[in-house]
file model38.cif (mmCIF, C-alpha atoms)
data_entry
#
loop_
_atom_site.label_atom_id
_atom_site.label_comp_id
_atom_site.auth_asym_id
_atom_site.auth_seq_id
_atom_site.Cartn_x
_atom_site.Cartn_y
_atom_site.Cartn_z
CA GLY A 1 21.38 95.19 173.05
CA GLY A 2 21.36 95.52 176.79
CA GLY A 3 20.91 98.14 179.46
CA GLY A 4 23.37 100.46 181.10
CA GLY A 5 25.10 100.37 184.43
CA GLY A 6 27.06 97.63 186.08
CA GLY A 7 30.26 96.23 184.73
CA GLY A 8 32.06 93.08 183.80
CA GLY A 9 30.23 92.79 180.50
CA THR A 10 31.62 92.07 177.10
CA CYS A 11 30.90 93.40 173.65
CA THR A 12 29.54 91.17 170.91
CA PRO A 13 30.33 92.47 167.42
CA ASN A 14 27.60 92.47 164.80
CA GLY A 15 26.54 94.43 161.73
CA THR A 16 25.95 97.63 163.74
CA THR A 17 28.36 97.18 166.67
CA LEU A 18 32.14 97.59 166.81
CA CYS A 19 34.04 95.91 169.63
CA LEU A 20 37.45 97.37 170.45
CA PHE A 21 40.30 96.30 172.73
CA SER A 22 39.43 92.60 173.02
CA ASN A 23 35.68 93.28 173.21
CA ARG A 24 35.98 95.71 176.13
CA PHE A 25 34.54 98.76 174.34
CA GLN A 26 31.25 98.66 172.46
CA VAL A 27 30.80 101.33 169.76
CA THR A 28 27.61 102.12 167.87
CA ALA A 29 26.58 104.95 165.55
CA GLN A 30 23.23 106.29 164.48
CA TYR A 31 22.78 108.73 161.63
CA ASP A 32 20.13 111.27 160.65
CA THR A 33 19.33 111.45 156.98
CA TYR A 34 17.87 114.55 155.40
CA GLY A 35 14.38 113.06 155.69
CA SER A 36 11.44 114.84 157.24
CA PRO A 37 10.72 114.18 160.00
CA SER A 38 14.28 113.54 161.01
CA THR A 39 14.91 109.92 161.95
CA PHE A 40 18.02 108.31 163.36
CA VAL A 41 18.91 104.83 162.04
CA ASN A 42 21.79 102.49 162.87
CA ALA A 43 24.96 102.81 160.80
CA ALA A 44 26.71 99.66 159.58
CA ALA A 45 29.88 98.79 161.51
CA THR A 46 33.12 97.39 160.09
CA SER A 47 36.05 96.42 162.29
CA PHE A 48 39.47 97.45 161.00
CA SER A 49 41.75 96.50 163.91
CA ASP A 50 41.52 95.95 167.65
CA ASN A 51 41.48 99.72 168.27
CA THR A 52 39.82 101.12 165.11
CA GLY A 53 36.67 100.64 163.09
CA PHE A 54 34.39 102.55 160.78
CA PHE A 55 30.75 103.09 160.02
CA THR A 56 28.85 103.45 156.77
CA THR A 57 25.51 105.21 156.48
CA VAL A 58 23.34 105.57 153.39
CA THR A 59 25.60 104.00 150.75
CA ALA A 60 27.22 100.64 151.47
CA GLY A 61 30.98 100.83 151.04
CA ASN A 62 31.25 104.55 151.77
CA VAL A 63 33.32 105.13 154.91
CA ASP A 64 31.43 107.90 156.73
CA VAL A 65 32.81 107.80 160.28
CA VAL A 66 36.07 106.42 161.72
CA VAL A 67 36.39 105.66 165.44
CA LYS A 68 39.71 104.93 167.14
CA LEU A 69 40.39 104.40 170.84
CA VAL A 70 43.89 104.93 172.20
CA ASN A 71 45.18 103.54 175.49
CA PHE A 72 46.99 106.35 177.34
CA CYS A 73 46.72 104.58 180.71
CA SER A 74 50.48 104.61 181.30
CA SER A 75 50.93 108.31 180.46
CA ASN A 76 47.79 110.15 181.59
CA ASN A 77 45.48 107.47 183.03
CA SER A 78 42.94 107.66 180.23
CA TRP A 79 41.43 106.08 177.15
CA SER A 80 41.01 108.69 174.43
CA ALA A 81 38.56 108.61 171.54
CA TYR A 82 39.46 109.96 168.11
CA ILE A 83 36.43 110.28 165.84
CA GLY A 84 36.41 111.70 162.34
CA GLY A 85 33.89 111.79 159.55
CA THR A 86 33.52 112.21 155.82
CA THR A 87 29.83 113.11 155.80
CA ASP A 88 27.58 116.01 156.71
CA LEU A 89 24.81 113.75 157.97
CA GLY A 90 23.93 114.05 161.62
CA VAL A 91 25.74 111.24 163.47
CA LYS A 92 25.64 110.15 167.10
CA ILE A 93 28.41 107.88 168.42
CA THR A 94 28.03 105.89 171.64
CA ILE A 95 31.00 104.12 173.24
CA THR A 96 30.40 101.90 176.27
CA ASP A 97 33.16 100.57 178.52
CA THR A 98 31.71 97.14 179.26
CA ASN A 99 34.09 96.73 182.23
CA THR A 100 32.62 99.69 184.09
CA GLY A 101 29.32 100.47 182.36
CA ARG A 102 30.49 104.03 181.67
CA VAL A 103 29.22 105.60 178.45
CA TYR A 104 30.85 108.28 176.25
CA THR A 105 28.87 110.01 173.52
CA ALA A 106 29.86 112.31 170.67
CA ALA A 107 27.88 113.82 167.81
CA ASN A 108 28.10 115.74 164.56
CA SER A 109 25.20 118.00 163.60
CA LEU A 110 23.21 117.48 160.40
CA GLY A 111 24.52 119.70 157.61
CA THR A 112 27.86 120.30 159.34
CA GLY A 113 31.29 119.18 158.16
CA TRP A 114 33.29 117.15 160.67
CA ASP A 115 35.96 118.55 162.93
CA LEU A 116 38.12 115.87 164.51
CA ILE A 117 36.69 114.83 167.86
CA ARG A 118 39.61 114.12 170.21
CA GLN A 119 38.49 113.61 173.79
CA VAL A 120 39.39 111.68 176.90
CA ALA A 121 36.53 109.20 176.86
CA PHE A 122 37.28 107.09 179.96
CA SER A 123 39.66 106.98 182.87
CA CYS A 124 41.73 103.84 183.52
CA PRO A 125 41.96 101.01 184.35
#

call {"tool": "encode", "arguments": {"input": "model38.cif", "output": "structure tokens"}}
result
Amino acid sequence: GGGGGGGGGTCTPNGTTLCLFSNRFQVTAQYDTYGSPSTFVNAAATSFSDNTGFFTTVTAGNVDVVVKLVNFCSSNNSWSAYIGGTTDLGVKITITDTNTGRVYTAANSLGTGWDLIRQVAFSCP
């Protein structure tokens, strides 16, 4: 865990946390099942490479959300997030730049199919 703000931190990967770009970016996901009342729970994280990982929700082994960060610092001074999903569960993604403390969030609404999220998430360095 840990609070927001500040900088100079580092990400520690675990069962619910992806760490991308040499542990600079911390990525977590929470999902909303179709329960009543609606409750968000942590999705399970699996690292794929230094810039990409995925999350599973209800069923272990099902890839539900893929998160990729791309370094565009040399071309447009940004880090971009590409986030896609294969679920209609409600999902909230939180990406923290541990160098700066800045936080980027994205979400998919419960009952809605995913459109690719492609956004500038952070400015460089």

call {"tool": "resolve_selection", "arguments": {"input": "model38.cif", "expression": "the PyMOL selection byres ((chain A and resi 111) around 6)", "output": "MDAnalysis selection string"}}
result
chainID A and resid 88:89 110 112

call {"tool": "closest_residue", "arguments": {"input": "model38.cif", "among": "A:Ala29, A:Val120, A:Cys11, A:Ala44", "to": "A:Trp79", "atoms": "all atoms listed in the file"}}
result
A:Val120

call {"tool": "resolve_selection", "arguments": {"input": "model38.cif", "expression": "the PyMOL selection byres ((chain A and resi 95) around 10)", "output": "VMD selection string"}}
result
chain A and resid 17 to 20 25 to 29 67 69 81 93 to 94 96 to 98 101 to 106 121 to 122

call {"tool": "resolve_selection", "arguments": {"input": "model38.cif", "expression": "the PyMOL selection byres ((chain A and resi 85) around 7)", "output": "list in words"}}
result
Asp64, Val65, Val66, Ile83, Gly84, Thr86, Thr87 and Trp114 of chain A

call {"tool": "atom_distance", "arguments": {"input": "model38.cif", "atom1": "atom CA of A:Phe72", "atom2": "atom CA of A:Asn108"}}
result
24.7 Å

call {"tool": "closest_residue", "arguments": {"input": "model38.cif", "among": "A:Asn77, A:Asn62, A:Ser22, A:Gln30", "to": "A:Ser49", "atoms": "all atoms listed in the file"}}
result
A:Ser22

call {"tool": "closest_residue", "arguments": {"input": "model38.cif", "among": "A:Val58, A:Leu116, A:Ala107, A:Val63", "to": "A:Tyr82", "atoms": "only C-alpha atoms"}}
result
A:Leu116

call {"tool": "closest_residue", "arguments": {"input": "model38.cif", "among": "A:Gly35, A:Gly113, A:Pro125, A:Gly15", "to": "A:Asn99", "atoms": "only C-alpha atoms"}}
result
A:Pro125

call {"tool": "atom_distance", "arguments": {"input": "model38.cif", "atom1": "atom CA of A:Ser74", "atom2": "atom CA of A:Gly53"}}
result
23.2 Å

call {"tool": "closest_residue", "arguments": {"input": "model38.cif", "among": "A:Ser109, A:Asn76, A:Asn71, A:Ser123", "to": "A:Asn51", "atoms": "all atoms listed in the file"}}
result
A:Asn71

call {"tool": "atom_distance", "arguments": {"input": "model38.cif", "atom1": "atom CA of A:Ser47", "atom2": "atom CA of A:Gln119"}}
result
20.8 Å

call {"tool": "residues_around", "arguments": {"input": "model38.cif", "residues": "stretch 31-33 of chain A", "least_positions_apart": "2", "cutoff": "6 Å", "atoms": "all atoms listed in the file", "output": "short mmCIF file (atom, residue, chain, number, x, y, z; two decimals) with C-alpha atoms, keeping the file's coordinate frame"}}
result
data_model
loop_
_atom_site.label_atom_id
_atom_site.label_comp_id
_atom_site.auth_asym_id
_atom_site.auth_seq_id
_atom_site.Cartn_x
_atom_site.Cartn_y
_atom_site.Cartn_z
CA GLY A 35 14.38 113.06 155.69
CA THR A 39 14.91 109.92 161.95
CA PHE A 40 18.02 108.31 163.36
CA VAL A 41 18.91 104.83 162.04
CA LEU A 89 24.81 113.75 157.97
CA GLY A 90 23.93 114.05 161.62
CA VAL A 91 25.74 111.24 163.47
#

call {"tool": "closest_residue", "arguments": {"input": "model38.cif", "among": "A:Asn14, A:Gly9, A:Thr100, A:Arg24", "to": "A:Ala45", "atoms": "all atoms listed in the file"}}
result
A:Asn14

call {"tool": "decode", "arguments": {"input": "model38.cif", "residues": "stretch 74-120 of chain A", "atoms": "N, CA and C atoms", "output": "short mmCIF file (atom, residue, chain, number, x, y, z; two decimals), in the first residue's frame"}}
result
data_model
loop_
_atom_site.label_atom_id
_atom_site.label_comp_id
_atom_site.auth_asym_id
_atom_site.auth_seq_id
_atom_site.Cartn_x
_atom_site.Cartn_y
_atom_site.Cartn_z
N SER A 74 10.68 10.61 -26.26
CA SER A 74 11.51 11.23 -27.29
C SER A 74 10.68 11.87 -28.41
N SER A 75 9.42 11.43 -28.60
CA SER A 75 8.64 11.97 -29.70
C SER A 75 7.60 13.00 -29.26
N ASN A 76 6.89 12.77 -28.15
CA ASN A 76 5.91 13.78 -27.74
C ASN A 76 5.89 14.00 -26.23
N ASN A 77 7.01 13.69 -25.57
CA ASN A 77 7.20 14.01 -24.15
C ASN A 77 6.12 13.41 -23.26
N SER A 78 5.75 12.15 -23.55
CA SER A 78 4.70 11.55 -22.73
C SER A 78 4.89 10.04 -22.57
N TRP A 79 4.24 9.53 -21.54
CA TRP A 79 4.02 8.10 -21.35
C TRP A 79 2.56 7.88 -21.66
N SER A 80 2.25 6.96 -22.56
CA SER A 80 0.86 6.69 -22.89
C SER A 80 0.43 5.34 -22.35
N ALA A 81 -0.83 5.28 -21.94
CA ALA A 81 -1.42 4.03 -21.43
C ALA A 81 -2.36 3.48 -22.49
N TYR A 82 -2.23 2.18 -22.73
CA TYR A 82 -3.15 1.45 -23.61
C TYR A 82 -3.80 0.38 -22.72
N ILE A 83 -5.12 0.43 -22.62
CA ILE A 83 -5.83 -0.47 -21.72
C ILE A 83 -7.00 -1.07 -22.47
N GLY A 84 -7.05 -2.39 -22.51
CA GLY A 84 -8.14 -3.09 -23.18
C GLY A 84 -8.69 -4.17 -22.29
N GLY A 85 -9.93 -4.57 -22.57
CA GLY A 85 -10.55 -5.57 -21.73
C GLY A 85 -11.37 -6.58 -22.49
N THR A 86 -11.55 -7.73 -21.87
CA THR A 86 -12.36 -8.80 -22.44
C THR A 86 -13.43 -9.20 -21.43
N THR A 87 -14.04 -8.20 -20.80
CA THR A 87 -15.06 -8.43 -19.80
C THR A 87 -16.05 -7.28 -19.85
N ASP A 88 -17.26 -7.52 -19.32
CA ASP A 88 -18.19 -6.39 -19.16
C ASP A 88 -18.40 -6.07 -17.69
N LEU A 89 -17.51 -6.58 -16.83
CA LEU A 89 -17.54 -6.16 -15.44
C LEU A 89 -17.07 -4.71 -15.34
N GLY A 90 -17.50 -4.04 -14.31
CA GLY A 90 -16.97 -2.70 -14.05
C GLY A 90 -15.54 -2.83 -13.56
N VAL A 91 -14.61 -2.09 -14.15
CA VAL A 91 -13.21 -2.18 -13.76
C VAL A 91 -12.65 -0.78 -13.63
N LYS A 92 -11.89 -0.56 -12.55
CA LYS A 92 -11.17 0.69 -12.34
C LYS A 92 -9.68 0.37 -12.34
N ILE A 93 -8.92 1.10 -13.15
CA ILE A 93 -7.47 0.95 -13.24
C ILE A 93 -6.82 2.18 -12.62
N THR A 94 -5.80 1.97 -11.80
CA THR A 94 -5.04 3.07 -11.22
C THR A 94 -3.57 2.84 -11.53
N ILE A 95 -2.94 3.84 -12.16
CA ILE A 95 -1.52 3.78 -12.48
C ILE A 95 -0.85 4.94 -11.74
N THR A 96 0.18 4.62 -10.96
CA THR A 96 0.91 5.64 -10.21
C THR A 96 2.34 5.71 -10.71
N ASP A 97 2.80 6.91 -11.03
CA ASP A 97 4.20 7.13 -11.36
C ASP A 97 4.92 7.33 -10.04
N THR A 98 5.66 6.32 -9.59
CA THR A 98 6.28 6.41 -8.27
C THR A 98 7.42 7.43 -8.23
N ASN A 99 7.89 7.88 -9.40
CA ASN A 99 8.93 8.93 -9.42
C ASN A 99 8.36 10.29 -9.05
N THR A 100 7.10 10.53 -9.44
CA THR A 100 6.51 11.86 -9.25
C THR A 100 5.31 11.86 -8.31
N GLY A 101 4.73 10.68 -8.06
CA GLY A 101 3.52 10.61 -7.26
C GLY A 101 2.25 10.88 -8.05
N ARG A 102 2.39 11.18 -9.35
CA ARG A 102 1.19 11.44 -10.16
C ARG A 102 0.40 10.15 -10.37
N VAL A 103 -0.92 10.31 -10.44
CA VAL A 103 -1.81 9.16 -10.59
C VAL A 103 -2.70 9.35 -11.81
N TYR A 104 -2.83 8.28 -12.62
CA TYR A 104 -3.73 8.24 -13.77
C TYR A 104 -4.77 7.15 -13.48
N THR A 105 -6.03 7.46 -13.76
CA THR A 105 -7.08 6.46 -13.57
C THR A 105 -7.89 6.30 -14.84
N ALA A 106 -8.41 5.10 -15.04
CA ALA A 106 -9.29 4.80 -16.17
C ALA A 106 -10.32 3.80 -15.67
N ALA A 107 -11.46 3.73 -16.34
CA ALA A 107 -12.51 2.82 -15.89
C ALA A 107 -13.36 2.35 -17.04
N ASN A 108 -13.96 1.19 -16.84
CA ASN A 108 -14.98 0.65 -17.74
C ASN A 108 -16.23 0.42 -16.89
N SER A 109 -17.38 0.81 -17.41
CA SER A 109 -18.62 0.71 -16.64
C SER A 109 -19.18 -0.70 -16.65
N LEU A 110 -19.78 -1.10 -15.54
CA LEU A 110 -20.41 -2.40 -15.42
C LEU A 110 -21.44 -2.59 -16.52
N GLY A 111 -21.39 -3.75 -17.19
CA GLY A 111 -22.36 -4.05 -18.24
C GLY A 111 -22.00 -3.50 -19.60
N THR A 112 -20.81 -2.88 -19.72
CA THR A 112 -20.40 -2.24 -20.96
C THR A 112 -19.20 -2.97 -21.55
N GLY A 113 -19.25 -3.23 -22.85
CA GLY A 113 -18.09 -3.80 -23.53
C GLY A 113 -16.98 -2.78 -23.61
N TRP A 114 -15.73 -3.25 -23.65
CA TRP A 114 -14.58 -2.35 -23.65
C TRP A 114 -14.34 -1.71 -25.00
N ASP A 115 -14.06 -0.42 -24.98
CA ASP A 115 -13.41 0.26 -26.09
C ASP A 115 -11.97 0.46 -25.65
N LEU A 116 -11.04 0.39 -26.58
CA LEU A 116 -9.64 0.60 -26.22
C LEU A 116 -9.47 1.97 -25.58
N ILE A 117 -8.84 1.98 -24.41
CA ILE A 117 -8.46 3.24 -23.77
C ILE A 117 -7.04 3.53 -24.22
N ARG A 118 -6.83 4.69 -24.83
CA ARG A 118 -5.52 5.07 -25.35
C ARG A 118 -5.34 6.53 -24.99
N GLN A 119 -4.60 6.78 -23.92
CA GLN A 119 -4.49 8.13 -23.37
C GLN A 119 -3.06 8.44 -22.98
N VAL A 120 -2.69 9.71 -23.10
CA VAL A 120 -1.45 10.18 -22.48
C VAL A 120 -1.70 10.12 -20.99
#
